[in-house]
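As stored in model00.txt (compact mmCIF, C-alpha atoms):
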```
# COMPACT_ATOMS: atom_id res chain seq x y z
CA MET A 171 -22.48 -6.62 14.75
CA GLN A 172 -19.32 -7.44 16.66
CA SER A 173 -19.84 -7.56 20.40
CA LYS A 174 -17.67 -5.48 22.69
CA GLU A 175 -16.14 -8.71 24.00
CA THR A 176 -15.09 -9.71 20.48
CA ILE A 177 -13.60 -6.27 19.81
CA GLN A 178 -11.82 -6.31 23.17
CA SER A 179 -10.37 -9.74 22.42
CA GLN A 180 -9.22 -8.71 18.94
CA LEU A 181 -7.51 -5.61 20.31
CA ASN A 182 -5.87 -7.59 23.10
CA ASP A 183 -4.58 -10.21 20.66
CA LEU A 184 -3.16 -7.53 18.37
CA TRP A 185 -1.50 -5.68 21.24
CA ILE A 186 0.21 -8.91 22.36
CA GLU A 187 1.24 -9.80 18.80
CA VAL A 188 2.82 -6.38 18.21
CA GLU A 189 4.71 -6.49 21.50
CA ASN A 190 6.00 -10.01 20.89
CA ALA A 191 7.11 -9.16 17.36
CA LEU A 192 9.05 -6.07 18.45
CA LEU A 193 10.54 -7.13 21.79
CA ASN A 194 13.89 -8.18 20.34
CA VAL A 195 14.20 -5.57 17.59
CA SER A 196 17.08 -3.15 18.06
CA ASP A 197 16.54 0.60 18.15
CA THR A 198 18.78 0.86 15.09
CA ALA A 199 16.61 -1.51 13.06
CA ALA A 200 13.40 0.07 14.37
CA ASN A 201 14.55 3.54 13.32
CA THR A 202 15.87 2.57 9.88
CA GLN A 203 14.01 4.18 7.00
CA SER A 204 14.18 2.09 3.84
CA VAL A 205 13.25 5.08 1.70
CA GLU A 206 13.55 8.77 2.54
CA GLY A 207 10.16 10.15 3.56
CA VAL A 208 8.72 6.72 4.40
CA TRP A 209 8.22 6.00 8.07
CA SER A 210 10.56 3.66 9.89
CA PRO A 211 9.08 0.78 11.92
CA ALA A 212 9.45 2.93 15.06
CA GLN A 213 7.63 5.83 13.42
CA GLU A 214 4.85 3.45 12.38
CA LEU A 215 4.47 2.30 16.00
CA ARG A 216 4.52 5.90 17.25
CA HIS A 217 1.73 6.69 14.77
CA MET A 218 -0.22 3.67 16.01
CA ASN A 219 0.14 4.93 19.60
CA LEU A 220 -0.85 8.49 18.70
CA SER A 221 -3.89 7.23 16.79
CA ALA A 222 -5.12 4.70 19.34
CA GLU A 223 -4.64 6.72 22.52
CA PRO A 224 -7.51 9.22 22.00
CA VAL A 225 -9.91 6.33 21.41
CA ALA A 226 -8.68 4.55 24.54
CA LYS A 227 -9.01 7.74 26.58
CA ALA A 228 -12.56 8.27 25.33
CA LEU A 229 -13.51 4.99 26.98
CA PHE A 230 -13.15 6.74 30.33
CA ALA A 231 -15.63 9.49 29.53
CA SER A 232 -19.29 8.82 30.15
CA ALA A 233 -21.76 8.27 27.34
CA ASP A 234 -23.51 11.45 28.49
CA GLN A 235 -20.29 13.42 28.08
CA LEU A 236 -19.71 12.10 24.56
CA PHE A 237 -23.27 12.12 23.24
CA ASN A 238 -24.01 14.88 20.74
CA PRO A 239 -27.73 15.05 19.90
CA GLU A 240 -26.94 17.14 16.81
CA ILE A 241 -25.28 14.17 15.09
CA PRO A 242 -27.97 12.03 13.46
CA THR A 243 -27.96 8.43 14.59
CA ARG A 244 -27.38 5.75 11.99
CA ASN A 245 -26.86 2.04 11.78
CA GLY A 246 -23.24 1.11 12.31
CA LEU A 247 -21.13 -0.82 9.85
CA GLU A 248 -19.93 -4.36 10.31
CA TYR A 249 -16.17 -4.91 10.64
CA ASP A 250 -15.73 -5.97 7.00
CA GLU A 251 -17.83 -3.05 5.76
CA LEU A 252 -15.78 -0.60 7.80
CA ASN A 253 -12.54 -2.16 6.54
CA GLU A 254 -13.80 -1.83 2.96
CA LYS A 255 -14.81 1.81 3.55
CA TYR A 256 -11.36 2.60 5.00
CA TRP A 257 -9.51 1.05 2.07
CA SER A 258 -11.84 2.67 -0.44
CA VAL A 259 -11.00 6.09 1.00
CA ILE A 260 -7.28 5.31 1.28
CA ASN A 261 -7.12 4.05 -2.30
CA SER A 262 -9.21 6.84 -3.81
CA GLN A 263 -7.36 9.85 -2.45
CA GLN A 264 -4.01 10.99 -1.12
CA VAL A 265 -4.55 10.52 2.61
CA ASN A 266 -1.98 11.69 5.10
CA ALA A 267 -2.36 11.44 8.83
CA PRO A 268 -3.15 14.78 10.50
CA ALA A 269 -0.10 16.42 12.08
CA ARG A 270 -1.07 15.39 15.62
CA PHE A 271 -0.88 11.73 14.58
CA ARG A 272 2.39 11.94 12.63
CA ALA A 273 5.87 10.86 13.71
CA ASP A 274 7.93 12.47 10.96
CA GLY A 275 11.64 13.02 11.33
CA GLU A 276 11.93 11.60 14.80
CA SER A 277 13.98 8.75 16.21
CA PHE A 278 12.55 6.67 19.03
CA THR A 279 13.57 4.23 21.73
CA LEU A 280 11.58 1.11 20.95
CA SER A 281 11.20 0.09 24.61
CA VAL A 282 9.53 3.46 25.36
CA LEU A 283 7.19 3.05 22.39
CA LEU A 284 6.29 -0.45 23.57
CA GLU A 285 5.62 0.85 27.10
CA ASP A 286 3.21 3.36 25.58
CA TRP A 287 1.69 0.64 23.39
CA ASN A 288 1.07 -1.56 26.44
CA ARG A 289 -0.30 1.34 28.52
CA ILE A 290 -2.79 2.15 25.74
CA GLY A 291 -3.69 -1.52 25.35
CA ALA A 292 -4.39 -1.75 29.09
CA MET A 293 -6.70 1.25 28.76
CA PHE A 294 -8.73 -0.61 26.12
CA GLN A 295 -8.90 -3.73 28.27
CA LYS A 296 -10.00 -1.77 31.33
CA GLY A 297 -12.34 0.65 29.55
CA ILE A 298 -14.31 -1.46 27.08
CA PRO A 299 -16.13 -3.56 29.73
CA ASN A 300 -17.53 -0.35 31.27
CA TRP A 301 -19.56 0.43 28.14
CA ASN A 302 -22.89 -1.10 27.25
CA GLU A 303 -23.63 -2.29 23.74
CA GLU A 304 -26.35 0.32 23.17
CA ASP A 305 -24.09 3.26 23.96
CA LEU A 306 -21.33 1.91 21.70
CA ASP A 307 -23.84 2.25 18.85
CA LYS A 308 -25.37 5.57 19.99
CA ILE A 309 -22.21 7.59 20.56
CA GLN A 310 -20.43 8.90 17.47
CA LEU A 311 -16.89 10.21 17.40
CA ARG A 312 -15.27 12.29 14.69
CA HIS A 313 -12.65 10.52 12.60
CA PRO A 314 -10.29 12.78 10.61
CA VAL A 315 -10.79 10.89 7.34
CA LEU A 316 -13.94 8.76 7.72
CA ASP A 317 -16.14 11.48 9.31
CA TYR A 318 -18.33 10.29 12.19
CA LEU A 319 -18.04 6.72 13.39
CA THR A 320 -20.01 5.06 16.14
CA PHE A 321 -17.90 4.26 19.18
CA ARG A 322 -18.11 0.57 18.22
CA GLU A 323 -16.87 1.43 14.71
CA MET A 324 -14.07 3.54 16.18
CA LEU A 325 -12.94 0.58 18.28
CA MET A 326 -13.08 -1.70 15.24
CA PHE A 327 -11.27 0.93 13.19
CA THR A 328 -8.51 1.03 15.80
CA HIS A 329 -8.00 -2.68 15.17
CA ILE A 330 -8.14 -2.28 11.38
CA HIS A 331 -5.77 0.68 11.37
CA SER A 332 -3.29 -0.76 13.85
CA SER A 333 -3.27 -4.08 11.97
CA HIS A 334 -2.50 -2.22 8.74
CA HIS A 335 0.46 -0.40 10.27
CA PHE A 336 1.67 -3.55 12.01
CA ARG A 337 1.76 -5.29 8.60
CA ARG A 338 3.86 -2.38 7.33
CA ILE A 339 6.22 -2.74 10.30
CA ARG A 340 6.66 -6.47 9.65
CA GLU A 341 7.30 -5.87 5.94
CA LYS A 342 9.91 -3.21 6.70
CA LEU A 343 11.68 -5.38 9.26
CA GLN A 344 11.67 -8.36 6.87
CA ARG A 345 13.31 -6.20 4.18
CA LEU A 346 15.96 -5.12 6.67
CA THR A 347 16.81 -8.70 7.65
CA ALA A 348 16.83 -9.88 4.03
CA PHE A 349 20.18 -8.17 3.41
```
Could you write out this structure as structure tokens?
Amino acid sequence: MQSKETIQSQLNDLWIEVENALLNVSDTAANTQSVEGVWSPAQELRHMNLSAEPVAKALFASADQLFNPEIPTRNGLEYDELNEKYWSVINSQQVNAPARFRADGESFTLSVLLEDWNRIGAMFQKGIPNWNEEDLDKIQLRHPVLDYLTFREMLMFTHIHSSHHFRRIREKLQRLTAF
């Protein structure tokens, strides 16, 4: 099972990598949609922010506040198992982000999105150390597609999900610069 320190480090590394990759991208490039109905790089980042922020905020609630005794406890998945479960669900059904996590039809200022990205990343860095390993496995949070995940799994999922969308951002920006 990944330790909270490992998860914290992975999230921190990803947050830095995303910021560094997008620092010099223009708002025009960030908001360019290659295909109608497909998110632009800026919309992808907005989705990443909207998806990660509730998890980061939950780090500042107490385990007692988040614990629901009605949810049966279970053994958590390893990172690779969770990644496989995510992709199995994504590949087996038409999955769209719930409305509250979508960034459709909007144009964004990349510097504002990156400020939000860094604010959320700082929340992870500040909040994760306050949790003990046992509570990360005891607390379960509802995921809109994957059902209940342990808090540890939700943190790992945040890395998996954000990495996926960051790959999409890089691919879209590479296509834009290829012309």
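A straight line drawn from CA of His217 (chain A) to CA of Leu283 (chain A) is 10.1 Å long.
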If we count all atoms listed in the file and set the cut-off at 9 Å, which residues sit around Val315 (chain A), ignoring sequence neighbours fewer than 4 positions away in its own chain? Please answer as a PDB file with C-alpha atoms, keeping the file's coordinate frame.
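around-v6.pdb was written with the following content:
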```pdb
ATOM      1  CA  TYR A 256     -11.360   2.600   5.000  1.00  0.00           C
ATOM      2  CA  VAL A 259     -11.000   6.090   1.000  1.00  0.00           C
ATOM      3  CA  ILE A 260      -7.280   5.310   1.280  1.00  0.00           C
ATOM      4  CA  VAL A 265      -4.550  10.520   2.610  1.00  0.00           C
ATOM      5  CA  ALA A 267      -2.360  11.440   8.830  1.00  0.00           C
TER       6      ALA A 267
END
```
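Going from CA of Leu184 (chain A) over to CA of Asp274 (chain A), you cover 24.0 Å.
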Pick from A:Gln213, A:Thr202, A:Gln172, A:Gln310 nearest to His335 (chain A), counting all atoms listed in the file:
A:Gln213
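Proximity to Gln178 (chain A) was assessed for A:Pro299, A:Asn261, A:Leu215, A:Asp234 counting all atoms listed in the file; the smallest distance is recorded for A:Pro299.
With all atoms listed in the file as the atoms that count, the minimum distance from Asn288 (chain A) to the choices A:Glu206, A:Glu223, A:Asp305, A:Glu240 is reached by A:Glu223.
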Taking N, CA and C atoms as the atom set, what does region 184-201 of chain A look like once completed, written as a PDB file, in the frame of the given file?
```
ATOM      1  N   LEU A 184      -4.052  -8.349  19.191  1.00  0.00           N
ATOM      2  CA  LEU A 184      -3.160  -7.530  18.370  1.00  0.00           C
ATOM      3  C   LEU A 184      -2.088  -6.869  19.216  1.00  0.00           C
ATOM      4  N   TRP A 185      -2.473  -6.341  20.370  1.00  0.00           N
ATOM      5  CA  TRP A 185      -1.500  -5.680  21.240  1.00  0.00           C
ATOM      6  C   TRP A 185      -0.388  -6.668  21.643  1.00  0.00           C
ATOM      7  N   ILE A 186      -0.772  -7.885  21.980  1.00  0.00           N
ATOM      8  CA  ILE A 186       0.210  -8.910  22.360  1.00  0.00           C
ATOM      9  C   ILE A 186       1.083  -9.265  21.163  1.00  0.00           C
ATOM     10  N   GLU A 187       0.482  -9.431  19.993  1.00  0.00           N
ATOM     11  CA  GLU A 187       1.240  -9.800  18.800  1.00  0.00           C
ATOM     12  C   GLU A 187       2.272  -8.729  18.440  1.00  0.00           C
ATOM     13  N   VAL A 188       1.890  -7.464  18.516  1.00  0.00           N
ATOM     14  CA  VAL A 188       2.820  -6.380  18.210  1.00  0.00           C
ATOM     15  C   VAL A 188       3.978  -6.385  19.208  1.00  0.00           C
ATOM     16  N   GLU A 189       3.647  -6.485  20.490  1.00  0.00           N
ATOM     17  CA  GLU A 189       4.710  -6.490  21.500  1.00  0.00           C
ATOM     18  C   GLU A 189       5.673  -7.654  21.280  1.00  0.00           C
ATOM     19  N   ASN A 190       5.146  -8.831  21.080  1.00  0.00           N
ATOM     20  CA  ASN A 190       6.000 -10.010  20.890  1.00  0.00           C
ATOM     21  C   ASN A 190       6.877  -9.879  19.651  1.00  0.00           C
ATOM     22  N   ALA A 191       6.348  -9.293  18.602  1.00  0.00           N
ATOM     23  CA  ALA A 191       7.110  -9.160  17.360  1.00  0.00           C
ATOM     24  C   ALA A 191       8.244  -8.145  17.486  1.00  0.00           C
ATOM     25  N   LEU A 192       8.080  -7.164  18.372  1.00  0.00           N
ATOM     26  CA  LEU A 192       9.050  -6.070  18.450  1.00  0.00           C
ATOM     27  C   LEU A 192       9.983  -6.133  19.650  1.00  0.00           C
ATOM     28  N   LEU A 193       9.741  -7.056  20.559  1.00  0.00           N
ATOM     29  CA  LEU A 193      10.540  -7.130  21.790  1.00  0.00           C
ATOM     30  C   LEU A 193      12.039  -7.203  21.553  1.00  0.00           C
ATOM     31  N   ASN A 194      12.459  -7.952  20.555  1.00  0.00           N
ATOM     32  CA  ASN A 194      13.890  -8.180  20.340  1.00  0.00           C
ATOM     33  C   ASN A 194      14.461  -7.397  19.155  1.00  0.00           C
ATOM     34  N   VAL A 195      13.719  -6.405  18.693  1.00  0.00           N
ATOM     35  CA  VAL A 195      14.200  -5.570  17.590  1.00  0.00           C
ATOM     36  C   VAL A 195      15.064  -4.456  18.176  1.00  0.00           C
ATOM     37  N   SER A 196      16.190  -4.205  17.563  1.00  0.00           N
ATOM     38  CA  SER A 196      17.080  -3.150  18.060  1.00  0.00           C
ATOM     39  C   SER A 196      16.524  -1.769  17.701  1.00  0.00           C
ATOM     40  N   ASP A 197      16.933  -0.772  18.460  1.00  0.00           N
ATOM     41  CA  ASP A 197      16.540   0.600  18.150  1.00  0.00           C
ATOM     42  C   ASP A 197      17.052   1.004  16.767  1.00  0.00           C
ATOM     43  N   THR A 198      18.217   0.532  16.407  1.00  0.00           N
ATOM     44  CA  THR A 198      18.780   0.860  15.090  1.00  0.00           C
ATOM     45  C   THR A 198      17.878   0.335  13.979  1.00  0.00           C
ATOM     46  N   ALA A 199      17.494  -0.925  14.073  1.00  0.00           N
ATOM     47  CA  ALA A 199      16.610  -1.510  13.060  1.00  0.00           C
ATOM     48  C   ALA A 199      15.244  -0.815  13.071  1.00  0.00           C
ATOM     49  N   ALA A 200      14.726  -0.551  14.253  1.00  0.00           N
ATOM     50  CA  ALA A 200      13.400   0.070  14.370  1.00  0.00           C
ATOM     51  C   ALA A 200      13.374   1.469  13.780  1.00  0.00           C
ATOM     52  N   ASN A 201      14.492   2.163  13.805  1.00  0.00           N
ATOM     53  CA  ASN A 201      14.550   3.540  13.320  1.00  0.00           C
ATOM     54  C   ASN A 201      15.123   3.668  11.912  1.00  0.00           C
TER      55      ASN A 201
END
```
